[in-house]
$ cat my_file05.txt   # compact mmCIF, C-alpha atoms and all ligand atoms
# COMPACT_ATOMS: atom_id res chain seq x y z
CA MET A 77 130.89 94.92 164.18
CA PRO A 78 129.73 91.40 163.07
CA HIS A 79 131.77 89.82 160.29
CA ILE A 80 130.80 90.30 156.68
CA GLU A 81 128.93 87.53 154.84
CA LEU A 82 127.49 87.15 151.38
CA LEU A 83 123.67 87.00 151.48
CA ASP A 84 121.95 83.85 150.24
CA GLN A 85 120.31 83.97 146.78
CA ILE A 86 116.73 84.09 148.08
CA THR A 87 117.52 87.14 150.23
CA ILE A 88 119.39 88.80 147.35
CA ASP A 89 116.40 88.24 145.06
CA LYS A 90 113.94 89.55 147.65
CA ILE A 91 115.95 92.76 148.08
CA ALA A 92 116.35 93.24 144.35
CA ALA A 93 112.64 92.54 143.80
CA GLY A 94 111.89 95.69 145.81
CA GLU A 95 113.20 97.83 142.94
CA VAL A 96 111.22 96.12 140.21
CA ILE A 97 108.01 94.99 141.91
CA GLU A 98 106.43 97.80 143.84
CA ARG A 99 102.78 96.85 143.49
CA PRO A 100 100.47 94.53 141.51
CA ALA A 101 100.67 96.85 138.48
CA SER A 102 104.45 96.23 138.32
CA VAL A 103 103.82 92.48 138.00
CA VAL A 104 101.30 93.11 135.23
CA LYS A 105 103.72 95.46 133.45
CA GLU A 106 106.57 92.95 133.49
CA LEU A 107 104.45 89.98 132.45
CA VAL A 108 102.61 91.82 129.68
CA GLU A 109 105.90 93.20 128.36
CA ASN A 110 107.20 89.63 128.28
CA ALA A 111 104.07 88.61 126.35
CA ILE A 112 104.67 91.43 123.85
CA ASP A 113 108.33 90.44 123.45
CA ALA A 114 107.15 86.85 122.85
CA GLY A 115 105.32 88.01 119.70
CA SER A 116 101.79 87.57 121.09
CA THR A 117 98.78 88.85 119.18
CA ALA A 118 96.35 88.39 122.10
CA VAL A 119 96.96 88.99 125.80
CA THR A 120 94.44 88.52 128.61
CA VAL A 121 94.96 89.97 132.07
CA GLU A 122 92.66 88.84 134.86
CA ILE A 123 92.90 90.14 138.40
CA GLU A 124 91.14 89.60 141.68
CA GLU A 125 91.31 91.93 144.67
CA GLY A 126 93.30 94.53 142.76
CA GLY A 127 95.84 91.86 141.78
CA ILE A 128 96.88 91.31 145.38
CA SER A 129 95.34 87.84 145.65
CA LEU A 130 95.49 86.87 141.96
CA ILE A 131 96.91 87.99 138.63
CA ARG A 132 96.51 85.68 135.64
CA ILE A 133 98.15 86.62 132.34
CA THR A 134 97.65 84.51 129.25
CA ASP A 135 99.35 85.06 125.92
CA ASN A 136 99.59 83.27 122.59
CA GLY A 137 103.27 84.02 122.05
CA CYS A 138 106.26 81.79 121.43
CA GLY A 139 106.20 80.00 124.81
CA ILE A 140 109.20 78.77 126.81
CA ALA A 141 110.89 75.44 126.03
CA LYS A 142 110.84 72.90 128.88
CA GLN A 143 114.61 72.97 129.34
CA ASP A 144 114.57 76.79 129.74
CA VAL A 145 111.75 77.07 132.25
CA GLU A 146 113.78 76.91 135.45
CA ASN A 147 116.51 79.17 134.05
CA ALA A 148 113.97 81.83 133.12
CA PHE A 149 113.44 82.45 136.85
CA LEU A 150 117.12 82.93 137.65
CA ARG A 151 118.35 86.47 138.15
CA HIS A 152 120.22 87.82 135.10
CA SER A 153 118.90 85.11 132.79
CA THR A 154 117.43 86.36 129.54
CA SER A 155 116.96 85.35 125.93
CA LYS A 156 116.94 89.00 124.82
CA ILE A 157 120.55 90.15 125.08
CA ARG A 158 123.86 88.32 125.05
CA SER A 159 126.27 91.09 125.98
CA ALA A 160 126.37 94.70 127.18
CA GLU A 161 126.98 95.68 123.55
CA ASP A 162 123.41 94.54 122.74
CA LEU A 163 122.06 97.26 125.03
CA THR A 164 122.98 99.81 122.39
CA HIS A 165 120.53 98.39 119.86
CA LEU A 166 117.68 96.94 121.90
CA SER A 167 114.51 95.98 120.12
CA SER A 168 112.79 94.19 123.03
CA LEU A 169 111.04 95.74 126.03
CA GLY A 170 112.84 93.43 128.48
CA PHE A 171 116.60 92.99 128.72
CA ARG A 172 117.57 92.88 132.40
CA GLY A 173 116.68 89.24 132.99
CA GLU A 174 115.28 89.90 136.41
CA ALA A 175 111.50 90.31 136.23
CA LEU A 176 110.61 86.64 136.72
CA SER A 177 113.14 86.13 139.49
CA SER A 178 111.82 89.26 141.23
CA ILE A 179 108.16 88.27 140.94
CA SER A 180 108.77 84.70 142.08
CA ALA A 181 110.81 85.96 145.06
CA VAL A 182 107.79 87.79 146.49
CA ALA A 183 104.75 85.76 145.34
CA ARG A 184 103.43 82.28 144.58
CA VAL A 185 103.83 81.74 140.86
CA GLU A 186 102.51 79.05 138.56
CA LEU A 187 103.59 78.94 134.93
CA ILE A 188 102.07 76.90 132.13
CA THR A 189 103.81 77.27 128.81
CA LYS A 190 104.17 75.55 125.45
CA THR A 191 106.15 76.33 122.34
CA ARG A 192 104.71 75.61 118.90
CA GLU A 193 107.34 72.91 118.30
CA ASP A 194 106.57 70.95 121.47
CA VAL A 195 103.70 68.50 121.74
CA PHE A 196 103.34 68.91 125.48
CA GLY A 197 103.61 71.99 127.59
CA THR A 198 105.35 72.52 130.94
CA LYS A 199 103.91 73.42 134.31
CA TYR A 200 106.22 74.97 136.89
CA ILE A 201 105.46 76.18 140.40
CA ILE A 202 107.81 78.55 142.22
CA GLU A 203 106.94 80.23 145.50
CA GLY A 204 109.10 82.73 147.36
CA GLY A 205 112.02 81.80 145.10
CA LYS A 206 111.71 78.06 145.75
CA GLY A 207 110.84 76.08 142.64
CA ARG A 208 109.39 72.57 142.31
CA THR A 209 110.28 70.15 139.56
CA PRO A 210 108.74 71.18 136.20
CA GLU A 211 106.04 68.78 134.98
CA GLU A 212 104.72 67.92 131.55
CA THR A 213 101.15 69.05 130.90
CA GLY A 214 98.66 69.53 128.09
CA ALA A 215 98.51 73.21 127.15
CA PRO A 216 97.71 75.52 124.23
CA ASP A 217 100.59 77.32 122.47
CA GLY A 218 101.70 80.29 124.52
CA THR A 219 102.16 81.13 128.16
CA THR A 220 99.99 81.57 131.24
CA PHE A 221 101.30 83.04 134.48
CA LEU A 222 99.33 82.83 137.70
CA VAL A 223 100.66 85.08 140.43
CA ARG A 224 99.01 84.62 143.81
CA GLN A 225 99.40 86.37 147.15
CA LEU A 226 101.80 89.09 146.15
CA PHE A 227 104.21 90.04 148.97
CA PHE A 228 103.07 87.05 151.09
CA ASN A 229 106.63 86.85 152.43
CA THR A 230 107.49 90.57 152.48
CA PRO A 231 105.10 92.14 155.00
CA ALA A 232 106.96 95.46 154.88
CA ARG A 233 105.98 95.86 151.21
CA ARG A 234 102.48 94.47 151.70
CA LYS A 235 101.79 97.21 154.23
CA PHE A 236 102.22 99.85 151.56
CA LEU A 237 99.62 98.40 149.22
CA LYS A 238 96.55 100.55 148.75
CA THR A 239 92.96 99.32 148.60
CA PRO A 240 92.14 96.69 145.93
CA MET A 241 90.18 99.38 144.08
CA THR A 242 93.20 101.70 143.89
CA GLU A 243 95.55 98.88 142.89
CA ALA A 244 93.07 97.80 140.20
CA SER A 245 92.93 101.34 138.84
CA HIS A 246 96.75 101.40 138.53
CA ILE A 247 96.52 98.19 136.52
CA SER A 248 93.73 99.59 134.40
CA ASP A 249 95.77 102.75 133.62
CA LEU A 250 98.76 100.64 132.73
CA LEU A 251 96.73 98.44 130.39
CA THR A 252 95.28 101.42 128.57
CA ARG A 253 98.85 102.50 127.84
CA LEU A 254 99.97 99.05 126.79
CA ALA A 255 96.92 98.77 124.51
CA LEU A 256 97.61 102.21 122.99
CA SER A 257 101.27 101.44 122.46
CA HIS A 258 100.44 98.14 120.71
CA PRO A 259 97.24 98.54 118.69
CA ASP A 260 98.21 95.39 116.78
CA ILE A 261 97.70 93.26 119.91
CA SER A 262 94.24 92.41 121.25
CA PHE A 263 94.18 93.15 125.00
CA ARG A 264 91.53 91.92 127.38
CA PHE A 265 91.37 93.08 130.99
CA ILE A 266 89.07 91.30 133.42
CA ASN A 267 88.69 92.68 136.93
CA ASN A 268 86.81 90.46 139.42
CA GLY A 269 85.12 88.61 136.57
CA GLN A 270 84.07 91.73 134.66
CA VAL A 271 85.56 92.59 131.27
CA LYS A 272 86.87 96.16 131.59
CA LEU A 273 88.80 96.48 128.35
CA HIS A 274 88.86 94.51 125.12
CA THR A 275 90.71 95.94 122.17
CA SER A 276 90.46 94.41 118.72
CA GLY A 277 94.14 94.29 117.83
CA ASN A 278 93.35 95.61 114.32
CA GLY A 279 96.43 97.86 114.38
CA LYS A 280 94.53 101.17 114.39
CA MET A 281 95.49 103.44 117.27
CA LYS A 282 92.42 105.59 116.70
CA ASP A 283 90.15 102.61 117.38
CA VAL A 284 91.96 101.96 120.65
CA ILE A 285 91.58 105.63 121.61
CA TYR A 286 87.85 105.47 120.85
CA HIS A 287 87.49 102.26 122.84
CA ILE A 288 89.31 103.61 125.90
CA TYR A 289 88.44 107.31 125.97
CA GLY A 290 85.17 107.44 124.07
CA ARG A 291 83.66 109.50 121.32
CA GLU A 292 84.41 113.03 122.55
CA ILE A 293 88.15 112.47 122.48
CA ALA A 294 88.14 110.31 119.35
CA ASN A 295 86.24 113.04 117.47
CA ASN A 296 88.76 115.70 118.41
CA LEU A 297 92.03 114.30 117.16
CA ILE A 298 94.56 115.67 114.72
CA PRO A 299 96.64 112.98 113.02
CA LEU A 300 100.34 113.39 113.66
CA GLU A 301 102.78 112.14 111.05
CA PHE A 302 106.22 113.69 111.13
CA GLU A 303 109.67 112.56 110.16
CA LYS A 304 113.00 114.32 110.52
CA ASP A 305 116.62 113.34 111.15
CA GLY A 306 115.73 109.65 111.24
CA VAL A 307 113.07 110.12 113.95
CA ARG A 308 109.48 109.24 113.08
CA LEU A 309 106.41 110.40 114.98
CA SER A 310 103.00 108.86 114.36
CA GLY A 311 99.73 108.99 116.22
CA TYR A 312 97.35 111.72 117.35
CA LEU A 313 97.29 115.13 118.97
CA GLY A 314 94.16 116.03 120.87
CA LYS A 315 92.62 119.32 119.82
CA PRO A 316 93.19 121.91 122.55
CA VAL A 317 89.48 121.85 123.39
CA ILE A 318 89.87 118.43 125.04
CA ASN A 319 92.52 119.61 127.48
CA ARG A 320 92.69 118.05 130.94
CA GLY A 321 93.58 119.08 134.49
CA ASN A 322 96.49 116.61 134.77
CA ARG A 323 99.16 114.91 132.70
CA ASN A 324 97.48 111.49 132.65
CA PHE A 325 96.43 111.95 129.04
CA GLU A 326 99.94 112.51 127.74
CA ASN A 327 100.65 109.13 126.14
CA TYR A 328 103.92 108.84 124.26
CA PHE A 329 105.81 105.70 123.44
CA VAL A 330 109.41 105.39 122.40
CA ASN A 331 110.05 102.37 120.17
CA GLY A 332 106.88 100.78 121.58
CA ARG A 333 107.82 101.45 125.20
CA TYR A 334 105.69 103.55 127.54
CA VAL A 335 108.03 105.93 129.33
CA ARG A 336 107.99 109.09 131.38
CA ASN A 337 110.44 111.71 130.20
CA SER A 338 110.64 115.35 131.21
CA ILE A 339 112.12 116.51 127.88
CA LEU A 340 109.25 114.95 125.93
CA ALA A 341 106.64 116.27 128.38
CA LYS A 342 108.13 119.77 128.13
CA ALA A 343 108.19 119.71 124.34
CA ILE A 344 104.55 118.61 124.26
CA GLU A 345 103.39 121.21 126.75
CA ASP A 346 105.42 124.00 125.16
CA GLY A 347 103.97 123.01 121.78
CA TYR A 348 100.47 123.44 123.18
CA LYS A 349 101.28 126.59 125.16
CA ASP A 350 99.62 129.03 122.76
CA PHE A 351 96.45 126.97 122.77
CA THR A 352 95.81 126.00 126.38
CA MET A 353 95.48 127.81 129.65
CA GLN A 354 97.95 127.42 132.48
CA HIS A 355 97.71 124.17 134.41
CA ARG A 356 95.77 122.50 131.61
CA TYR A 357 97.37 119.56 129.83
CA PRO A 358 96.72 118.11 126.40
CA PHE A 359 95.59 114.69 125.23
CA VAL A 360 98.20 113.08 123.03
CA ALA A 361 98.90 109.52 121.93
CA PHE A 362 101.80 108.90 119.60
CA GLN A 363 104.78 106.73 118.89
CA ILE A 364 108.33 107.95 118.54
CA GLU A 365 110.49 105.66 116.45
CA ILE A 366 114.16 106.40 116.86
CA ASN A 367 117.37 104.52 116.22
CA PRO A 368 117.87 102.50 119.47
CA GLU A 369 121.50 103.60 119.48
CA LYS A 370 120.34 107.17 120.17
CA ILE A 371 118.60 106.27 123.45
CA ASP A 372 119.49 104.60 126.72
CA VAL A 373 116.71 102.69 128.47
CA ASN A 374 118.99 101.15 131.05
CA VAL A 375 118.45 103.99 133.51
CA HIS A 376 116.26 102.44 136.20
CA PRO A 377 115.15 98.86 137.01
CA SER A 378 111.55 99.79 136.21
CA LYS A 379 112.61 100.60 132.59
CA MET A 380 110.22 103.57 132.66
CA GLU A 381 112.93 106.17 132.24
CA LEU A 382 114.98 106.88 129.20
CA ARG A 383 117.78 109.17 128.08
CA PHE A 384 118.25 110.63 124.63
CA SER A 385 121.77 111.19 123.37
CA ASN A 386 120.62 114.46 121.79
CA GLN A 387 118.10 115.95 124.22
CA GLN A 388 117.90 119.37 122.58
CA GLY A 389 117.45 117.74 119.18
CA ILE A 390 114.50 115.62 120.30
CA TYR A 391 112.92 118.59 122.08
CA ASN A 392 113.16 120.76 118.98
CA LEU A 393 111.83 118.03 116.74
CA LEU A 394 108.81 117.27 118.90
CA TYR A 395 108.07 120.93 119.50
CA GLU A 396 108.17 121.59 115.75
CA ALA A 397 105.92 118.60 114.99
CA ILE A 398 103.33 119.64 117.57
CA SER A 399 103.33 123.32 116.61
CA LYS A 400 102.90 122.35 112.96
CA GLY A 401 100.13 119.90 113.79
CA LEU A 402 98.23 122.44 115.87
CA HIS A 403 98.59 125.21 113.32
CA GLU A 404 97.04 123.10 110.57
CA PRO A 405 94.28 125.07 108.85
CA GLU A 406 91.39 122.86 109.96
CA LEU A 407 92.07 123.77 113.56
CA ILE A 408 91.89 127.47 112.85
CA PRO A 409 88.94 127.82 110.53
CA GLU A 410 87.92 131.02 108.90
CA VAL A 411 84.91 132.36 110.74
CA GLU A 412 82.41 134.19 108.63
CA MET A 413 82.13 137.77 109.75
CA SER A 414 79.86 139.02 106.96
CA GLU A 415 77.42 140.54 109.41
CA ILE A 416 80.07 142.94 110.59
CA LYS A 417 80.23 145.86 108.30
CA VAL A 418 83.72 147.06 107.78
CA PRO A 419 83.95 150.32 105.82
CA GLY A 420 85.26 149.67 102.35
CA MET A 421 84.81 145.90 102.68
CA SER A 422 81.02 145.79 102.48
CA GLU A 423 80.42 142.47 100.74
CA LYS A 424 83.75 140.88 101.27
CA LYS A 425 84.19 138.32 104.01
CA THR A 426 86.81 139.11 106.54
CA GLY A 427 88.39 136.31 108.45
CA LYS A 428 89.28 135.83 112.04
CA ARG A 429 91.38 133.09 113.45
CA LYS A 430 89.58 131.13 116.05
CA LEU A 431 90.98 128.42 118.21
CA LEU A 432 88.73 125.48 118.89
N1 LIG A 501 105.37 85.21 128.20
C1 LIG A 501 106.53 84.73 127.79
N2 LIG A 501 106.64 84.06 126.62
C2 LIG A 501 107.82 83.55 126.18
N3 LIG A 501 108.97 83.66 126.88
C3 LIG A 501 108.95 84.31 128.06
C4 LIG A 501 107.73 84.87 128.58
N4 LIG A 501 108.01 85.43 129.78
C5 LIG A 501 109.33 85.25 129.98
N5 LIG A 501 109.90 84.58 128.96
C6 LIG A 501 111.32 84.17 128.85
O1 LIG A 501 111.89 84.25 130.15
C7 LIG A 501 113.04 85.10 130.14
C8 LIG A 501 113.13 85.81 131.48
O2 LIG A 501 112.08 86.76 131.62
P1 LIG A 501 112.32 88.08 132.48
O3 LIG A 501 111.14 88.94 132.34
O4 LIG A 501 112.77 87.67 133.82
O5 LIG A 501 113.59 88.74 131.77
P2 LIG A 501 113.65 89.64 130.45
O6 LIG A 501 112.31 89.89 129.90
O7 LIG A 501 114.64 88.99 129.56
O8 LIG A 501 114.28 90.98 131.06
P3 LIG A 501 113.55 92.01 132.08
O9 LIG A 501 113.97 91.62 133.45
O10 LIG A 501 114.08 93.33 131.66
O11 LIG A 501 112.09 91.87 131.89
C9 LIG A 501 112.83 86.03 128.96
O12 LIG A 501 114.08 86.52 128.48
C10 LIG A 501 112.12 85.12 127.96
O13 LIG A 501 113.04 84.33 127.25
MG MG A 502 110.79 90.66 131.07
$ encode --input "my_file05.txt" --output "structure tokens" --more "lines below"
Ligand SMILES: Nc1ncnc2c1ncn2[C@@H]1O[C@H](COP(=O)(O)OP(=O)(O)OP(=O)(O)O)[C@@H](O)[C@H]1O
Ligand SMILES: [Mg+2]
Amino acid sequence: MPHIELLDQITIDKIAAGEVIERPASVVKELVENAIDAGSTAVTVEIEEGGISLIRITDNGCGIAKQDVENAFLRHSTSKIRSAEDLTHLSSLGFRGEALSSISAVARVELITKTREDVFGTKYIIEGGKGRTPEETGAPDGTTFLVRQLFFNTPARRKFLKTPMTEASHISDLLTRLALSHPDISFRFINNGQVKLHTSGNGKMKDVIYHIYGREIANNLIPLEFEKDGVRLSGYLGKPVINRGNRNFENYFVNGRYVRNSILAKAIEDGYKDFTMQHRYPFVAFQIEINPEKIDVNVHPSKMELRFSNQQGIYNLLYEAISKGLHEPELIPEVEMSEIKVPGMSEKKTGKRKLL
């Protein structure tokens, strides 16, 4: 057995990057979440070749001060938490302090950033974990990341990339969710020079739904507003008529974060059970606002999973909200049956419940 040695930092970062950066869409997720945390009101994502050769993300957020630029790329460096205690009341999407170190370990990264207070911005190049000296540069307020040649130094990971078209569609799906979860931010997505998505940022989720999914879905929505036990739900339930063959249209966000959660998915699907056939899934898009102390988002490096302290409670609440929403009278209109003659009820209308 060879003797035991501590790995060097670049190798440590490359290994750790494997958990966070799986494909181009993971880079986009991390960088857009950083832009959201930075208070941006406009975010542009441009990709070439499915993001494999180039991802450029520009925001108009708070920027990074020159003296912090190099530190931002160190593993476990973050401005968002100060101690483990802060994890219990997180309000930001990021908190692990590892996205930038992971991305820069497996790609060629260029950063241009400027805070409102600074006159000049900073340009920093870091490739495969090796950074150059930051330079002063003219720049608008905010931050631009250029990520080139993802996995140029990790061929094992590069091998698992799909075609540029497939990778681009993962990014597109992700951006639809980010846009839905933050209707107050204007998102622009440009794929190979073509604008694929441009939301207004006017704060109205329904407008984002219309923009992304079109008229048929936007015309078949039931507003969802529900509050109980300190949990607030707001957004839209699709009428059962716009059901789908897969779960891709189940959009739910917890405190602004897009997550996958089996309890939430089950509550949604059980809520729709009486209205949809087997193996059909609803369209939903809504926010769940809950006291951050009642959830744990530190479950997986991707930050896509989440635990609720009271799982049964959240299931019951969501199930109740959805059942109530779907049983609203406008969904089950009275159908005139006057042409059917029922003995003893000649002129009176009888009603029948009909599901749309
Ligand atoms: N677009 C941006 N605008 C302003 N500051 C940024 C931006 N991107 C990154 N930063 C700064 O760099 C730090 C490191 O970013 P990084 O994404 O690595 O960690 P994090 O967001 O704190 O945690 P996580 O690893 O969970 O994403 C952030 O805490 C933030 O201070
Ligand atoms: Mg981050």
$ residues_around --input "my_file05.txt" --residues "Ile371 in chain A" --least-positions-apart "3" --cutoff "6 Å" --atoms "only C-alpha atoms" --output "PDB file with C-alpha atoms, keeping the file's coordinate frame"
ATOM      1  CA  PRO A 368     117.870 102.500 119.470  1.00  0.00           C
ATOM      2  CA  ARG A 383     117.780 109.170 128.080  1.00  0.00           C
ATOM      3  CA  PHE A 384     118.250 110.630 124.630  1.00  0.00           C
ATOM      4  CA  SER A 385     121.770 111.190 123.370  1.00  0.00           C
TER       5      SER A 385
END
$ residues_around --input "my_file05.txt" --residues "range 337-347 of chain A" --least-positions-apart "6" --cutoff "7 Å" --atoms "all atoms listed in the file" --output "MDAnalysis selection string"
chainID A and resid 357 381:382 391 394:395 398:399
$ write_last_selection --input "my_file05.txt" --atoms "C-alpha atoms" --output "compact mmCIF listing (two decimals), keeping the file's coordinate frame"
# COMPACT_ATOMS: atom_id res chain seq x y z
CA TYR A 357 97.37 119.56 129.83
CA GLU A 381 112.93 106.17 132.24
CA LEU A 382 114.98 106.88 129.20
CA TYR A 391 112.92 118.59 122.08
CA LEU A 394 108.81 117.27 118.90
CA TYR A 395 108.07 120.93 119.50
CA ILE A 398 103.33 119.64 117.57
CA SER A 399 103.33 123.32 116.61
$ residues_around --input "my_file05.txt" --residues "Ile318 in chain A" --least-positions-apart "4" --cutoff "9 Å" --atoms "all atoms listed in the file" --output "ChimeraX atom specification"
/A:292-293,296,314,357-359
$ atom_distance --input "my_file05.txt" --atom1 "CA of Phe263 in chain A" --atom2 "atom C4 of ligand LIG 501 (chain A)"
16.3 Å
$ residues_near_ligand --input "my_file05.txt" --ligand "ligand LIG 501 (chain A)" --cutoff "9 Å" --atoms "all atoms listed in the file" --output "ChimeraX atom specification"
/A:96,106-116,133-141,144-145,147-157,168-179,189-191,218-221,377-379
$ atom_distance --input "my_file05.txt" --atom1 "CA of Gly204 in chain A" --atom2 "CA of Lys142 in chain A"
21.0 Å
$ closest_residue --input "my_file05.txt" --among "A:Ile285, A:Leu393, A:Val104, A:Met77" --to "Thr120 in chain A" --atoms "all atoms listed in the file"
A:Val104
$ axis_aligned_box --input "my_file05.txt" --around "range 249-268 of chain A" --padding-each-side "8 Å" --output "lines of an AutoDock Vina configuration file"
center_x = 94.0
center_y = 96.6
center_z = 128.1
size_x = 30.5
size_y = 28.3
size_z = 38.6
$ atom_distance --input "my_file05.txt" --atom1 "CA of Arg320 in chain A" --atom2 "CA of Ala397 in chain A"
20.7 Å
$ residues_around --input "my_file05.txt" --residues "Gly207 in chain A" --least-positions-apart "4" --cutoff "12 Å" --atoms "all atoms listed in the file" --output "count of residues only"
21
$ closest_residue --input "my_file05.txt" --among "A:Asn322, A:Asn267, A:Ser102, A:Thr209" --to "ligand MG 502 (chain A)" --atoms "all atoms listed in the file"
A:Ser102
$ closest_residue --input "my_file05.txt" --among "A:Ile261, A:Ala294, A:Ala215, A:Leu313" --to "Gly332 in chain A" --atoms "all atoms listed in the file"
A:Ile261
$ closest_residue --input "my_file05.txt" --among "A:Met281, A:Val103, A:Leu256, A:Ile123" --to "ligand MG 502 (chain A)" --atoms "all atoms listed in the file"
A:Val103
$ residues_around --input "my_file05.txt" --residues "Leu402 in chain A" --least-positions-apart "6" --cutoff "9 Å" --atoms "only C-alpha atoms" --output "ChimeraX atom specification"
/A:298,313,315-316,347-348,351,408
$ write_last_selection --input "my_file05.txt" --atoms "C-alpha atoms" --output "compact mmCIF listing (two decimals), in the frame of the given file"
# COMPACT_ATOMS: atom_id res chain seq x y z
CA ILE A 298 94.56 115.67 114.72
CA LEU A 313 97.29 115.13 118.97
CA LYS A 315 92.62 119.32 119.82
CA PRO A 316 93.19 121.91 122.55
CA GLY A 347 103.97 123.01 121.78
CA TYR A 348 100.47 123.44 123.18
CA PHE A 351 96.45 126.97 122.77
CA ILE A 408 91.89 127.47 112.85
$ closest_residue --input "my_file05.txt" --among "A:Asp162, A:Glu122, A:Asp305, A:Glu95" --to "Gly389 in chain A" --atoms "all atoms listed in the file"
A:Asp305
$ closest_residue --input "my_file05.txt" --among "A:Gly127, A:Gly401, A:Pro78, A:Gly269" --to "Lys238 in chain A" --atoms "only C-alpha atoms"
A:Gly127
$ residues_near_point --input "my_file05.txt" --point "(89.8, 98.2, 143.7)" --cutoff "12 Å" --atoms "only C-alpha atoms" --output "list of chain:residue names"
A:Pro100, A:Ile123, A:Glu124, A:Glu125, A:Gly126, A:Gly127, A:Ile128, A:Ser129, A:Leu237, A:Lys238, A:Thr239, A:Pro240, A:Met241, A:Thr242, A:Glu243, A:Ala244, A:Ser245, A:His246, A:Ile247, A:Ser248, A:Asn267, A:Asn268
